[in-house]
Structures are given as structure tokens and as C-alpha cells.
Amino acid sequence: MLCIGGAWVVAQEDLPQKKELATPTGFSATSLEDQYSYAIGLDIGNSFRSSGTQLNVENLVAGLKDGLGGAKPKLDERACAQALEALQAQMQQKAMSQQQQQSAENRKMGDAFLAKNAQAEGVKVTKSGLQYKVIKSGDGPTPGLNDTVRCNYRGTLINGTVFDASAKHGGPAEFPVSGVITGWTEALQMMKVGDKWKLFIPADLAYKDVAMGPDLPAGSALIFDIELLGIVNK
């Protein structure tokens, strides 16, 4: 976690190998001031280490001393701003590269899963690559693109991890057919009220190469259990 211009930038990755630095002589943690001073320094150090950002510790301490003491900065305001902007751009590029790599790996696993799943009994595949299996058949109307529907659903990754479910939000969900991921929009326009389907959705029909939080990585193929309960506007 890095404070740049008042904004916190978070880089998430495994912590790199620790680099031992000498503990300052005269270190004390007897008073509250001693303790929170060290805790703040430790937090800053851990945050930069977790982001893989290399720091000149002597310059970091010099900056802290100048800032706390109100001394004339050794770099002017423009130079400081340019340095922080460059660091932020560097961190964003690194995070983007990591997400692209993760997405490629997830796509590879998803493609392998879907290729095998397409041969499973009862699974049908549409031209777009959407896979579905009818669990229960209803006899109600079929929603159109401009309709709003009410559904029970449960979403998992291909490894079985649940990332979302209507039950987590207190019950059935309502949403426009045109306002969901492409795989859902396609499936809903084939379903009838009362149907219960299992969807197997390729990344390109879901969130593509965008991570939707820590529980839904970039490039993920998704599995949904959907029960179409009704069409709200009919």
C-alpha cells in the first residue's frame, strides 16, 4: 500500500525474500510514541516490500526527517511529483503485466476444462461457445432482450470456488437481460420461466481479461446454476 498524492495504491503479490537491514542503535519501544513510530515504519516497509519496490532507505529517512522537521526539501515540489508519478506508472504497469499473465494461465485452464466438458452427457454447445445443461424444464414464457428477470443463481470457478450466489444477497435477484455478462444474456433468451440450467461460460462470454475482485480472477471460465423464476415486467 503506497500513499501517492493522498491516494493509496495497493499492489497485491507474494512478498519477496526479506532483506535484512541493520536495526538502528538506541532502539526503544517502551513508550506509546516509540511503539506507534516503529509500527508505522514497519507498515511502510512491509507495504513497499510487498509491491517489490526498491527504496533507498537513507533517502527515505532523510525525507521523513525533513518533512517532520519542516526543513527545506532536498528536491523541489515538481521533482517530487514527477518521481512519484513515475513510480505510480511503474507499479501500474507491473500490476497490468501480472494480470495479463494470470489471465493467460486461467484461459488455458478454462479452455481445457470446456473442451472436456463439451463431451459430457447432456451438455449442449452454442455457436458462441456457451455450454449449458438443462437440469429442469419449465413451461413459462421466454424473456426477450429488453425484459427484466427474476432468478436464483450460484456462480463458481472451474475449481468449485463459489464467488457469488443470490442466496448471499437475501434471495432471488432481479436484473435486465441486457445488463449481465454475454453468456447470461444469451442463455436467458433461450430459457423458459421455470427452467433450471447449468451454464459453462468461456472467459470471452464472461469478464474476459478483467479481474472482478480477489474471488474472480482475470480470464476465468465460469459455471452458473440458474433458475429462471419469472419475468418481472410481464
# chains A, B, ... in the order shown; residues from 1 in each chain; ligands from 1

$ select_by_dssp --residues "stretch 10-158 of chain A" --states "alpha helix (DSSP H)" --output "PyMOL selection string"
chain A and resi 32-51+57-69+77-117

$ residues_around --residues "stretch 211-213 of chain A" --least-positions-apart "3" --cutoff "10 Å" --atoms "only C-alpha atoms" --output "ChimeraX atom specification"
/A:99-100,102-103,163,207-208,216-220

$ residues_around --residues "stretch 115-128 of chain A" --least-positions-apart "2" --cutoff "10 Å" --atoms "only C-alpha atoms" --output "PyMOL selection string"
chain A and resi 110-113+130-135+182-183+186-187+198-202+204-205

$ write_last_selection --atoms "C-alpha atoms" --output "tab-separated table (two decimals), in the first residue's frame"
chain	number	residue	atom	x	y	z
A	110	GLY	CA	-10.60	-22.80	-18.82
A	111	ASP	CA	-10.19	-23.88	-22.44
A	112	ALA	CA	-9.03	-27.34	-21.35
A	113	PHE	CA	-11.97	-27.68	-18.96
A	130	LEU	CA	-21.59	-21.14	-24.49
A	131	GLN	CA	-22.22	-24.54	-22.91
A	132	TYR	CA	-25.37	-25.43	-21.00
A	133	LYS	CA	-27.13	-28.39	-19.46
A	134	VAL	CA	-30.86	-28.47	-18.75
A	135	ILE	CA	-31.44	-29.59	-15.17
A	182	THR	CA	-22.81	-12.04	-22.55
A	183	GLY	CA	-23.15	-15.71	-21.63
A	186	GLU	CA	-27.60	-15.48	-24.50
A	187	ALA	CA	-28.81	-18.21	-22.15
A	198	LYS	CA	-26.25	-25.15	-15.59
A	199	LEU	CA	-24.11	-22.79	-17.68
A	200	PHE	CA	-20.45	-23.23	-18.55
A	201	ILE	CA	-19.24	-19.85	-19.78
A	202	PRO	CA	-15.92	-19.15	-21.57
A	204	ASP	CA	-14.85	-14.20	-23.62
A	205	LEU	CA	-18.55	-14.52	-22.74

$ atom_distance --atom1 "atom CA of A:Ala203" --atom2 "atom CA of A:Gln90"
27.6 Å

$ atom_distance --atom1 "atom CA of A:Met91" --atom2 "atom CA of A:Ala39"
24.2 Å

$ closest_residue --among "A:Gly171, A:Pro73, A:Pro214, A:Gly230" --to "A:Arg154" --atoms "only C-alpha atoms"
A:Gly171

$ atom_distance --atom1 "atom CA of A:Gly63" --atom2 "atom CA of A:Asp76"
11.9 Å

$ select_by_dssp --residues "stretch 25-232 of chain A" --states "strand (DSSP E)" --output "ChimeraX atom specification"
/A:123-125,131-136,148-157,162-165,173-176,196-201,222-231
